[in-house]
file final.pdb (PDB, C-alpha atoms)
ATOM      1  CA  MET B  25     -11.112 -15.595 -27.030
ATOM      2  CA  GLU B  26      -8.254 -17.597 -28.600
ATOM      3  CA  THR B  27      -5.340 -18.560 -26.340
ATOM      4  CA  LYS B  28      -2.851 -16.761 -28.599
ATOM      5  CA  ASN B  29      -4.680 -13.512 -27.841
ATOM      6  CA  LEU B  30      -5.554 -14.240 -24.215
ATOM      7  CA  ILE B  31      -1.985 -14.774 -22.957
ATOM      8  CA  PRO B  32      -0.618 -11.438 -24.312
ATOM      9  CA  LEU B  33      -3.627  -9.593 -22.900
ATOM     10  CA  ILE B  34      -2.889 -11.096 -19.480
ATOM     11  CA  ALA B  35       0.819 -10.221 -19.790
ATOM     12  CA  MET B  36       0.291  -6.503 -20.438
ATOM     13  CA  PRO B  37      -1.154  -5.685 -16.975
ATOM     14  CA  PHE B  38       1.886  -7.395 -15.455
ATOM     15  CA  LEU B  39       4.164  -5.182 -17.565
ATOM     16  CA  LEU B  40       2.351  -2.078 -16.311
ATOM     17  CA  LEU B  41       2.550  -3.314 -12.730
ATOM     18  CA  ALA B  42       6.278  -3.999 -13.178
ATOM     19  CA  VAL B  43       6.902  -0.452 -14.448
ATOM     20  CA  GLU B  44       4.908   1.098 -11.595
ATOM     21  CA  THR B  45       6.569  -1.045  -8.935
ATOM     22  CA  GLY B  46      10.004  -0.313 -10.382
ATOM     23  CA  ALA B  47       9.210   3.406 -10.455
ATOM     24  CA  LEU B  48       8.246   3.341  -6.777
ATOM     25  CA  LEU B  49      11.481   1.536  -5.896
ATOM     26  CA  LEU B  50      13.571   3.983  -7.938
ATOM     27  CA  SER B  51      11.872   7.118  -6.595
ATOM     28  CA  LYS B  52      14.023   7.214  -3.446
ATOM     29  CA  PRO B  53      17.371   6.845  -5.277
ATOM     30  CA  VAL B  54      16.188   9.518  -7.723
ATOM     31  CA  LYS B  55      15.396  11.936  -4.897
ATOM     32  CA  ASP B  56      18.556  11.098  -2.938
ATOM     33  CA  SER B  57      20.784  11.668  -5.984
ATOM     34  CA  GLY B  58      18.990  14.867  -7.045
ATOM     35  CA  MET B  59      18.094  13.489 -10.497
ATOM     36  CA  VAL B  60      14.929  15.542 -10.921
ATOM     37  CA  ALA B  61      13.509  17.143 -14.057
ATOM     38  CA  PHE B  62      12.073  20.335 -12.535
ATOM     39  CA  GLU B  63      13.394  22.510  -9.701
ATOM     40  CA  ASP B  64       9.916  23.624  -8.565
ATOM     41  CA  PRO B  65       7.658  20.541  -8.401
ATOM     42  CA  GLY B  66       4.521  22.609  -7.816
ATOM     43  CA  SER B  67       4.873  24.981 -10.775
ATOM     44  CA  MET B  68       1.911  24.945 -13.176
ATOM     45  CA  ALA B  69       4.342  25.760 -15.983
ATOM     46  CA  ASN B  70       5.894  22.298 -15.729
ATOM     47  CA  PRO B  71       3.139  20.438 -17.641
ATOM     48  CA  VAL B  72       3.298  23.064 -20.403
ATOM     49  CA  ILE B  73       7.080  22.700 -20.670
ATOM     50  CA  PHE B  74       6.760  18.903 -20.722
ATOM     51  CA  ILE B  75       4.188  18.928 -23.536
ATOM     52  CA  ALA B  76       6.078  21.574 -25.530
ATOM     53  CA  ILE B  77       9.231  19.441 -25.506
ATOM     54  CA  MET B  78       7.230  16.330 -26.411
ATOM     55  CA  LEU B  79       5.486  18.085 -29.321
ATOM     56  CA  ALA B  80       8.779  19.424 -30.659
ATOM     57  CA  PHE B  81      10.377  15.970 -30.500
ATOM     58  CA  THR B  82       7.323  14.370 -32.148
ATOM     59  CA  ALA B  83       7.342  16.946 -34.957
ATOM     60  CA  PHE B  84      11.066  16.357 -35.491
ATOM     61  CA  LEU B  85      10.561  12.579 -35.796
ATOM     62  CA  LEU B  86       7.616  13.039 -38.186
ATOM     63  CA  VAL B  87       9.785  15.188 -40.461
ATOM     64  CA  LEU B  88      12.465  12.509 -40.454
ATOM     65  CA  ILE B  89       9.866   9.837 -41.249
ATOM     66  CA  ARG B  90       8.419  12.014 -44.027
ATOM     67  CA  TYR B  91      11.817  12.182 -45.741
ATOM     68  CA  ASP B  92      12.635   8.525 -44.997
ATOM     69  CA  LEU B  93      15.755   9.382 -42.972
ATOM     70  CA  LYS B  94      15.830   6.028 -41.198
ATOM     71  CA  LYS B  95      19.450   6.169 -40.077
ATOM     72  CA  VAL B  96      18.939   9.598 -38.530
ATOM     73  CA  ILE B  97      15.799   8.393 -36.711
ATOM     74  CA  ALA B  98      17.665   5.370 -35.355
ATOM     75  CA  ALA B  99      20.540   7.595 -34.228
ATOM     76  CA  VAL B 100      18.253  10.130 -32.517
ATOM     77  CA  ILE B 101      16.331   7.425 -30.658
ATOM     78  CA  GLY B 102      19.557   5.612 -29.777
ATOM     79  CA  ILE B 103      21.112   8.749 -28.275
ATOM     80  CA  SER B 104      17.895   9.451 -26.369
ATOM     81  CA  ILE B 105      17.876   5.933 -24.931
ATOM     82  CA  PHE B 106      21.564   6.184 -23.976
ATOM     83  CA  LEU B 107      21.020   9.490 -22.163
ATOM     84  CA  THR B 108      17.994   8.013 -20.389
ATOM     85  CA  PHE B 109      20.130   5.122 -19.167
ATOM     86  CA  ILE B 110      22.718   7.647 -17.945
ATOM     87  CA  TYR B 111      20.108   9.359 -15.768
ATOM     88  CA  ILE B 112      18.662   6.092 -14.453
ATOM     89  CA  PHE B 113      21.976   4.438 -13.619
ATOM     90  CA  SER B 114      23.296   7.695 -12.157
ATOM     91  CA  ALA B 115      20.370   7.803  -9.740
ATOM     92  CA  ILE B 116      20.945   4.195  -8.685
ATOM     93  CA  VAL B 117      24.742   4.191  -8.486
ATOM     94  CA  TYR B 118      25.146   7.675  -6.979
ATOM     95  CA  SER B 119      22.581   6.926  -4.263
ATOM     96  CA  LEU B 120      24.630   3.869  -3.305
ATOM     97  CA  ALA B 121      28.213   5.030  -3.786
ATOM     98  CA  GLY B 122      28.047   8.809  -4.126
ATOM     99  CA  ALA B 123      28.983  10.896  -7.166
ATOM    100  CA  THR B 124      32.575   9.694  -7.348
ATOM    101  CA  ASP B 125      34.738   9.162 -10.426
ATOM    102  CA  PRO B 126      34.580   5.330 -10.156
ATOM    103  CA  ALA B 127      30.796   5.562  -9.809
ATOM    104  CA  THR B 128      30.620   7.694 -12.957
ATOM    105  CA  VAL B 129      32.650   5.090 -14.848
ATOM    106  CA  VAL B 130      30.248   2.378 -13.682
ATOM    107  CA  VAL B 131      27.292   4.482 -14.857
ATOM    108  CA  LEU B 132      28.831   4.989 -18.301
ATOM    109  CA  VAL B 133      29.683   1.302 -18.689
ATOM    110  CA  LEU B 134      26.168   0.206 -17.699
ATOM    111  CA  ALA B 135      24.570   2.754 -20.047
ATOM    112  CA  VAL B 136      26.777   1.724 -22.985
ATOM    113  CA  LEU B 137      26.191  -2.001 -22.406
ATOM    114  CA  SER B 138      22.428  -1.589 -22.034
ATOM    115  CA  THR B 139      22.110   0.561 -25.162
ATOM    116  CA  ALA B 140      24.348  -1.790 -27.144
ATOM    117  CA  LEU B 141      22.288  -4.802 -26.053
ATOM    118  CA  LEU B 142      19.071  -3.135 -27.207
ATOM    119  CA  TYR B 143      20.488  -2.360 -30.636
ATOM    120  CA  LYS B 144      22.673  -5.415 -31.200
ATOM    121  CA  TYR B 145      20.133  -7.957 -29.981
ATOM    122  CA  PRO B 146      16.656  -6.364 -30.016
ATOM    123  CA  GLU B 147      14.716  -9.522 -29.236
ATOM    124  CA  TRP B 148      11.304  -8.939 -27.667
ATOM    125  CA  TYR B 149      12.295 -10.108 -24.176
ATOM    126  CA  VAL B 150      15.375  -7.847 -24.192
ATOM    127  CA  ILE B 151      13.240  -4.893 -25.275
ATOM    128  CA  ASP B 152      10.616  -5.639 -22.629
ATOM    129  CA  GLY B 153      13.148  -6.254 -19.843
ATOM    130  CA  LEU B 154      15.146  -3.083 -20.424
ATOM    131  CA  GLY B 155      11.916  -1.275 -21.302
ATOM    132  CA  ILE B 156      10.674  -1.904 -17.771
ATOM    133  CA  LEU B 157      13.865  -0.292 -16.451
ATOM    134  CA  ILE B 158      13.538   2.689 -18.813
ATOM    135  CA  GLY B 159       9.842   3.151 -18.062
ATOM    136  CA  ALA B 160      10.355   2.847 -14.314
ATOM    137  CA  GLY B 161      13.307   5.222 -14.351
ATOM    138  CA  VAL B 162      11.593   7.922 -16.412
ATOM    139  CA  ALA B 163       8.413   7.666 -14.303
ATOM    140  CA  ALA B 164      10.473   7.909 -11.102
ATOM    141  CA  ILE B 165      12.338  10.997 -12.335
ATOM    142  CA  PHE B 166       9.213  12.882 -13.425
ATOM    143  CA  GLY B 167       7.075  11.610 -10.563
ATOM    144  CA  ALA B 168       9.603  12.857  -8.026
ATOM    145  CA  SER B 169       9.857  16.159  -9.927
ATOM    146  CA  LEU B 170       6.160  17.012 -10.218
ATOM    147  CA  ASN B 171       3.643  17.568  -7.450
ATOM    148  CA  ILE B 172       0.226  15.953  -7.734
ATOM    149  CA  LEU B 173      -1.779  18.809  -9.311
ATOM    150  CA  PRO B 174       0.720  19.455 -12.141
ATOM    151  CA  VAL B 175       0.797  15.703 -12.814
ATOM    152  CA  ILE B 176      -2.998  15.468 -13.037
ATOM    153  CA  ILE B 177      -3.075  18.474 -15.400
ATOM    154  CA  LEU B 178      -0.347  16.838 -17.484
ATOM    155  CA  LEU B 179      -2.203  13.509 -17.686
ATOM    156  CA  VAL B 180      -5.460  15.198 -18.721
ATOM    157  CA  LEU B 181      -3.742  17.248 -21.442
ATOM    158  CA  LEU B 182      -1.843  14.218 -22.724
ATOM    159  CA  ALA B 183      -5.020  12.127 -22.847
ATOM    160  CA  VAL B 184      -6.743  14.801 -24.955
ATOM    161  CA  TYR B 185      -3.700  15.125 -27.212
ATOM    162  CA  ASP B 186      -3.433  11.348 -27.640
ATOM    163  CA  ALA B 187      -7.081  11.065 -28.647
ATOM    164  CA  ILE B 188      -6.743  13.879 -31.201
ATOM    165  CA  SER B 189      -3.470  12.515 -32.616
ATOM    166  CA  VAL B 190      -4.858   8.985 -33.062
ATOM    167  CA  TYR B 191      -8.473   9.539 -34.074
ATOM    168  CA  LYS B 192      -8.409  12.926 -35.834
ATOM    169  CA  THR B 193      -5.012  13.986 -37.202
ATOM    170  CA  LYS B 194      -3.735  10.368 -37.091
ATOM    171  CA  HIS B 195      -0.124  11.589 -36.965
ATOM    172  CA  MET B 196       0.540   9.371 -33.952
ATOM    173  CA  ILE B 197      -0.319   6.336 -36.073
ATOM    174  CA  THR B 198       2.205   7.509 -38.678
ATOM    175  CA  LEU B 199       4.814   7.946 -35.955
ATOM    176  CA  ALA B 200       4.099   4.520 -34.449
ATOM    177  CA  GLU B 201       4.303   2.781 -37.825
ATOM    178  CA  GLY B 202       7.598   4.495 -38.616
ATOM    179  CA  VAL B 203       9.096   3.504 -35.278
ATOM    180  CA  VAL B 204       7.855  -0.094 -35.519
ATOM    181  CA  ASP B 205       9.205  -0.499 -39.064
ATOM    182  CA  LEU B 206      12.665   0.481 -37.790
ATOM    183  CA  LYS B 207      12.360  -2.029 -34.919
ATOM    184  CA  THR B 208      13.419   0.666 -32.471
ATOM    185  CA  PRO B 209      13.224  -0.434 -28.817
ATOM    186  CA  ILE B 210      10.828   2.205 -27.481
ATOM    187  CA  LEU B 211       7.769   0.028 -27.075
ATOM    188  CA  PHE B 212       6.695  -3.147 -25.346
ATOM    189  CA  VAL B 213       6.237  -6.260 -27.466
ATOM    190  CA  VAL B 214       4.082  -9.206 -26.373
ATOM    191  CA  PRO B 215       4.226 -12.183 -28.781
ATOM    192  CA  LYS B 216       1.267 -14.400 -29.622
ATOM    193  CA  ARG B 217       3.317 -17.535 -30.172
ATOM    194  CA  ARG B 218       6.376 -19.198 -28.641
ATOM    195  CA  ASP B 219       8.623 -19.148 -31.715
ATOM    196  CA  TYR B 220       8.077 -15.445 -32.369
ATOM    197  CA  SER B 221      11.165 -13.293 -32.987
ATOM    198  CA  PHE B 222      11.028  -9.505 -33.100
ATOM    199  CA  ILE B 223      14.445  -9.462 -34.811
ATOM    200  CA  ARG B 224      13.175 -11.567 -37.729
ATOM    201  CA  GLU B 225       9.567 -10.460 -37.954
ATOM    202  CA  GLY B 226       8.995  -7.115 -36.288
ATOM    203  CA  ILE B 227       5.335  -7.185 -35.293
ATOM    204  CA  GLY B 228       4.692  -9.395 -38.300
ATOM    205  CA  LYS B 229       2.594  -9.009 -41.405
ATOM    206  CA  LEU B 230      -1.156  -9.434 -41.293
ATOM    207  CA  ASP B 231      -2.104 -13.111 -41.515
ATOM    208  CA  SER B 232      -5.193 -14.556 -43.215
ATOM    209  CA  GLY B 233      -7.255 -13.639 -40.159
ATOM    210  CA  GLY B 234      -6.131 -10.024 -40.290
ATOM    211  CA  GLU B 235      -3.937 -10.345 -37.177
ATOM    212  CA  ARG B 236      -0.272  -9.694 -36.463
ATOM    213  CA  ALA B 237       2.255 -11.915 -34.695
ATOM    214  CA  ALA B 238       2.527  -9.691 -31.614
ATOM    215  CA  PHE B 239       0.754  -7.032 -29.618
ATOM    216  CA  ILE B 240       2.598  -3.758 -29.033
ATOM    217  CA  ILE B 241       2.004  -0.958 -26.574
ATOM    218  CA  GLY B 242       3.894   2.318 -26.480
ATOM    219  CA  MET B 243       6.310   2.946 -23.641
ATOM    220  CA  GLY B 244       4.575   6.256 -22.959
ATOM    221  CA  ASP B 245       1.348   4.396 -22.208
ATOM    222  CA  MET B 246       3.152   2.655 -19.348
ATOM    223  CA  ILE B 247       5.133   5.681 -18.152
ATOM    224  CA  MET B 248       2.413   8.340 -17.871
ATOM    225  CA  PRO B 249       0.155   6.547 -15.343
ATOM    226  CA  SER B 250       3.254   5.586 -13.348
ATOM    227  CA  ILE B 251       4.206   9.257 -12.941
ATOM    228  CA  LEU B 252       1.064   9.893 -10.865
ATOM    229  CA  VAL B 253       1.710   6.731  -8.832
ATOM    230  CA  VAL B 254       5.173   8.013  -7.902
ATOM    231  CA  SER B 255       4.048  11.604  -7.320
ATOM    232  CA  ALA B 256       1.266  10.490  -4.969
ATOM    233  CA  ASN B 257       3.679   8.302  -3.030
ATOM    234  CA  VAL B 258       6.407  10.971  -2.814
ATOM    235  CA  PHE B 259       4.344  14.056  -1.984
ATOM    236  CA  LEU B 260       1.603  12.601   0.237
ATOM    237  CA  GLN B 261       2.106  11.214   3.719
ATOM    238  CA  GLY B 262      -0.012   8.629   5.518
ATOM    239  CA  TRP B 263      -0.426   4.907   6.065
ATOM    240  CA  ARG B 264       1.653   2.784   3.691
ATOM    241  CA  LEU B 265       1.179  -0.807   2.626
ATOM    242  CA  ALA B 266       4.272  -2.762   3.716
ATOM    243  CA  GLY B 267       5.744   0.627   4.609
ATOM    244  CA  MET B 268       6.115   1.448   0.922
ATOM    245  CA  VAL B 269       2.924   2.505  -0.876
ATOM    246  CA  ASN B 270       0.303   4.930   0.446
ATOM    247  CA  LEU B 271      -3.401   4.654  -0.362
ATOM    248  CA  PRO B 272      -3.543   7.320  -3.127
ATOM    249  CA  ALA B 273      -0.607   5.682  -4.944
ATOM    250  CA  LEU B 274      -2.141   2.238  -4.492
ATOM    251  CA  GLY B 275      -5.459   3.566  -5.775
ATOM    252  CA  ALA B 276      -3.684   5.045  -8.806
ATOM    253  CA  MET B 277      -2.098   1.661  -9.541
ATOM    254  CA  ILE B 278      -5.431  -0.145  -9.319
ATOM    255  CA  GLY B 279      -7.084   2.534 -11.449
ATOM    256  CA  SER B 280      -4.373   2.302 -14.108
ATOM    257  CA  LEU B 281      -4.841  -1.469 -14.331
ATOM    258  CA  ALA B 282      -8.604  -0.969 -14.726
ATOM    259  CA  GLY B 283      -7.931   1.605 -17.447
ATOM    260  CA  LEU B 284      -5.606  -0.824 -19.204
ATOM    261  CA  LEU B 285      -8.293  -3.515 -19.195
ATOM    262  CA  VAL B 286     -10.685  -1.032 -20.836
ATOM    263  CA  LEU B 287      -8.016  -0.200 -23.423
ATOM    264  CA  LEU B 288      -7.365  -3.868 -24.171
ATOM    265  CA  SER B 289     -11.070  -4.447 -24.753
ATOM    266  CA  PHE B 290     -10.890  -1.706 -27.416
ATOM    267  CA  VAL B 291      -7.693  -3.144 -28.879
ATOM    268  CA  MET B 292      -9.497  -6.385 -29.722
ATOM    269  CA  SER B 293     -11.357  -4.463 -32.434
ATOM    270  CA  GLY B 294      -8.118  -4.607 -34.407
ATOM    271  CA  LYS B 295      -7.915  -0.840 -34.948
ATOM    272  CA  PRO B 296      -5.251   1.533 -33.514
ATOM    273  CA  GLN B 297      -6.381   2.919 -30.169
ATOM    274  CA  ALA B 298      -5.386   5.956 -28.119
ATOM    275  CA  GLY B 299      -4.015   4.438 -24.929
ATOM    276  CA  LEU B 300      -3.806   7.457 -22.649
ATOM    277  CA  PRO B 301      -7.515   8.395 -22.332
ATOM    278  CA  PRO B 302      -8.509   5.163 -20.525
ATOM    279  CA  LEU B 303      -5.128   4.722 -18.831
ATOM    280  CA  ASN B 304      -4.780   8.256 -17.508
ATOM    281  CA  GLY B 305      -8.485   8.480 -16.702
ATOM    282  CA  GLY B 306      -8.407   5.257 -14.696
ATOM    283  CA  THR B 307      -5.240   6.321 -12.891
ATOM    284  CA  ILE B 308      -6.680   9.698 -11.878
ATOM    285  CA  LEU B 309      -9.947   8.166 -10.674
ATOM    286  CA  GLY B 310      -8.065   5.514  -8.717
ATOM    287  CA  PHE B 311      -5.863   8.174  -7.134
ATOM    288  CA  LEU B 312      -8.891  10.243  -6.112
ATOM    289  CA  ALA B 313     -10.542   7.167  -4.577
ATOM    290  CA  GLY B 314      -7.379   6.355  -2.613
ATOM    291  CA  TRP B 315      -7.010   9.972  -1.521
ATOM    292  CA  ALA B 316     -10.621  10.065  -0.300
ATOM    293  CA  LEU B 317     -10.141   6.781   1.570
ATOM    294  CA  MET B 318      -6.975   8.109   3.211
ATOM    295  CA  GLY B 319      -8.881  11.193   4.363
ATOM    296  CA  TRP B 320     -11.737   9.042   5.683
ATOM    297  CA  MET B 321      -9.269   6.900   7.650
ATOM    298  CA  GLY B 322      -7.782  10.078   9.131
TER     299      GLY B 322
END
call {"tool": "encode", "arguments": {"input": "final.pdb", "output": "structure tokens"}}
result
Amino acid sequence: METKNLIPLIAMPFLLLAVETGALLLSKPVKDSGMVAFEDPGSMANPVIFIAIMLAFTAFLLVLIRYDLKKVIAAVIGISIFLTFIYIFSAIVYSLAGATDPATVVVLVLAVLSTALLYKYPEWYVIDGLGILIGAGVAAIFGASLNILPVIILLVLLAVYDAISVYKTKHMITLAEGVVDLKTPILFVVPKRRDYSFIREGIGKLDSGGERAAFIIGMGDMIMPSILVVSANVFLQGWRLAGMVNLPALGAMIGSLAGLLVLLSFVMSGKPQAGLPPLNGGTILGFLAGWALMGWMG
């Protein structure tokens, strides 16, 4: 394998690990501040609600792409990112200082600055750095809001949906291409060369070898496995590594990394791949292995 491909493929597991670790660290502030997505974490309706909202948002974006409403797409995604930052910074700041007026001002300032940085200077390292924060924050919020069984059901349904949307209907490919063309910061970008610039090139045009200048992976591919990692750590008790991570959560992390390696082996074919089947599958299997080991250890 060429070095230009090897280095990005090594970097992606570290991005996933960064999102999962950040999600674990943010799960306590999220719980302490009450920034949860669902009131009843054990409700089986939660995965259905989650997917319904996701499908509606996806359909809305596809309509906008169909009619080439680029400014509207950018505005919708920008508002979504800003609101996400509001939730994340609220969880962090409120857990430290309480829900006071000065704390709210700090939250708003941080959210505005972060969103502005993403849109005014969307270089790949800015996108990846703030993307880790967004991914970790979203995973922490949903992981602390959903008990383990609803999360597993959600991950299975999303894996099936992702496979259908990439390999059969192909509408997810259309959505990804539309988002990438707009250079919107809702993905992770890993360049293949040192002088690469996402601002100037996007993911780059196909070169003579049929390759692009950078690898990309959707933010959802990093977030979904991390939700189970957080849920396992929040809702299960038992021995914890360094007092932080229990065995089922650790198993889920290891399983997600194994799933990512499987995905990356498929990616080398050069064709678009559904990320969630191997990622979610590996995460669930890793969780089950960690859960069984925890039970065996008593």
call {"tool": "resolve_selection", "arguments": {"input": "final.pdb", "expression": "the PyMOL selection byres ((chain B and resi 67-78) around 8)", "output": "PDB file with C-alpha atoms, keeping the file's coordinate frame"}}
result
ATOM      1  CA  PHE B  62      12.073  20.335 -12.535  1.00  0.00           C
ATOM      2  CA  ASP B  64       9.916  23.624  -8.565  1.00  0.00           C
ATOM      3  CA  PRO B  65       7.658  20.541  -8.401  1.00  0.00           C
ATOM      4  CA  GLY B  66       4.521  22.609  -7.816  1.00  0.00           C
ATOM      5  CA  LEU B  79       5.486  18.085 -29.321  1.00  0.00           C
ATOM      6  CA  ALA B  80       8.779  19.424 -30.659  1.00  0.00           C
ATOM      7  CA  PHE B  81      10.377  15.970 -30.500  1.00  0.00           C
ATOM      8  CA  THR B  82       7.323  14.370 -32.148  1.00  0.00           C
ATOM      9  CA  LEU B 170       6.160  17.012 -10.218  1.00  0.00           C
ATOM     10  CA  PRO B 174       0.720  19.455 -12.141  1.00  0.00           C
ATOM     11  CA  VAL B 175       0.797  15.703 -12.814  1.00  0.00           C
ATOM     12  CA  ILE B 177      -3.075  18.474 -15.400  1.00  0.00           C
ATOM     13  CA  LEU B 178      -0.347  16.838 -17.484  1.00  0.00           C
ATOM     14  CA  LEU B 182      -1.843  14.218 -22.724  1.00  0.00           C
TER      15      LEU B 182
END
call {"tool": "closest_residue", "arguments": {"input": "final.pdb", "among": "B:Leu317, B:Thr193, B:Glu147, B:Ala282", "to": "Gly226 in chain B", "atoms": "all atoms listed in the file"}}
result
B:Glu147
call {"tool": "resolve_selection", "arguments": {"input": "final.pdb", "expression": "the PyMOL selection byres ((chain B and resi 134) around 12)", "output": "list in words"}}
result
Phe106, Leu107, Thr108, Phe109, Ile110, Tyr111, Ile112, Phe113, Ser114, Ile116, Val117, Ala127, Thr128, Val129, Val130, Val131, Leu132, Val133, Ala135, Val136, Leu137, Ser138, Thr139, Ala140, Leu141 and Leu154 of chain B
call {"tool": "residues_around", "arguments": {"input": "final.pdb", "residues": "Pro53 in chain B", "least_positions_apart": "4", "cutoff": "7 Å", "atoms": "all atoms listed in the file", "output": "PyMOL selection string"}}
result
chain B and resi 57+115-116+119
call {"tool": "residues_around", "arguments": {"input": "final.pdb", "residues": "Pro215 in chain B", "least_positions_apart": "6", "cutoff": "10 Å", "atoms": "only C-alpha atoms", "output": "ChimeraX atom specification"}}
result
/B:28-29,31-32,35,148-149,221-222,227-228,236-240
call {"tool": "residues_around", "arguments": {"input": "final.pdb", "residues": "Ile97 in chain B", "least_positions_apart": "6", "cutoff": "10 Å", "atoms": "only C-alpha atoms", "output": "VMD selection string"}}
result
chain B and resid 84 to 89 103 202 to 203 206 208
call {"tool": "axis_aligned_box", "arguments": {"input": "final.pdb", "around": "range 273-283 of chain B", "padding_each_side": "6 Å", "output": "lines of an AutoDock Vina configuration file"}}
result
center_x = -4.6
center_y = 2.1
center_z = -11.0
size_x = 20.0
size_y = 19.2
size_z = 25.0
call {"tool": "residues_around", "arguments": {"input": "final.pdb", "residues": "Leu49 in chain B", "least_positions_apart": "6", "cutoff": "10 Å", "atoms": "only C-alpha atoms", "output": "PyMOL selection string"}}
result
chain B and resi 43+160-161+164+254+268-269
call {"tool": "resolve_selection", "arguments": {"input": "final.pdb", "expression": "the PyMOL selection byres ((chain B and resi 307) around 9)", "output": "PyMOL selection string"}}
result
chain B and resi 249-250+252-253+275-283+302-306+308-312
call {"tool": "closest_residue", "arguments": {"input": "final.pdb", "among": "B:Leu40, B:Ser51, B:Pro296, B:Trp320", "to": "Asp186 in chain B", "atoms": "only C-alpha atoms"}}
result
B:Pro296
call {"tool": "closest_residue", "arguments": {"input": "final.pdb", "among": "B:Leu93, B:Val204, B:Arg224, B:Ser104", "to": "Tyr145 in chain B", "atoms": "all atoms listed in the file"}}
result
B:Arg224
call {"tool": "atom_distance", "arguments": {"input": "final.pdb", "atom1": "CA of Phe212 in chain B", "atom2": "CA of Asp152 in chain B"}}
result
5.4 Å
call {"tool": "closest_residue", "arguments": {"input": "final.pdb", "among": "B:Ile197, B:Val184, B:Leu211, B:Leu120", "to": "Lys295 in chain B", "atoms": "all atoms listed in the file"}}
result
B:Ile197
call {"tool": "closest_residue", "arguments": {"input": "final.pdb", "among": "B:Ile210, B:Val286, B:Gln297, B:Ser189", "to": "Met243 in chain B", "atoms": "all atoms listed in the file"}}
result
B:Ile210
call {"tool": "closest_residue", "arguments": {"input": "final.pdb", "among": "B:Leu30, B:Ala61, B:Leu50, B:Leu300", "to": "Met246 in chain B", "atoms": "all atoms listed in the file"}}
result
B:Leu300
call {"tool": "atom_distance", "arguments": {"input": "final.pdb", "atom1": "CA of Asn270 in chain B", "atom2": "CA of Val54 in chain B"}}
result
18.4 Å
call {"tool": "decode", "arguments": {"input": "final.pdb", "residues": "range 64-85 of chain B", "atoms": "C-alpha atoms", "output": "short mmCIF file (atom, residue, chain, number, x, y, z; two decimals), in the first residue's frame"}}
result
data_model
loop_
_atom_site.label_atom_id
_atom_site.label_comp_id
_atom_site.auth_asym_id
_atom_site.auth_seq_id
_atom_site.Cartn_x
_atom_site.Cartn_y
_atom_site.Cartn_z
CA ASP B 64 -37.43 7.68 29.34
CA PRO B 65 -34.11 6.06 28.37
CA GLY B 66 -35.60 2.57 28.26
CA SER B 67 -38.52 3.29 25.92
CA MET B 68 -38.55 1.17 22.75
CA ALA B 69 -40.19 4.10 20.96
CA ASN B 70 -36.97 6.11 21.18
CA PRO B 71 -35.16 4.38 18.28
CA VAL B 72 -38.26 4.82 16.10
CA ILE B 73 -38.45 8.53 16.94
CA PHE B 74 -34.72 8.92 16.26
CA ILE B 75 -34.94 7.27 12.83
CA ALA B 76 -38.13 9.14 11.90
CA ILE B 77 -36.46 12.49 12.58
CA MET B 78 -33.34 11.41 10.68
CA LEU B 79 -35.37 10.26 7.66
CA ALA B 80 -37.36 13.49 7.59
CA PHE B 81 -34.17 15.58 7.73
CA THR B 82 -32.53 13.44 5.02
CA ALA B 83 -35.57 13.78 2.75
CA PHE B 84 -35.58 17.54 3.29
CA LEU B 85 -31.89 17.83 2.32
#
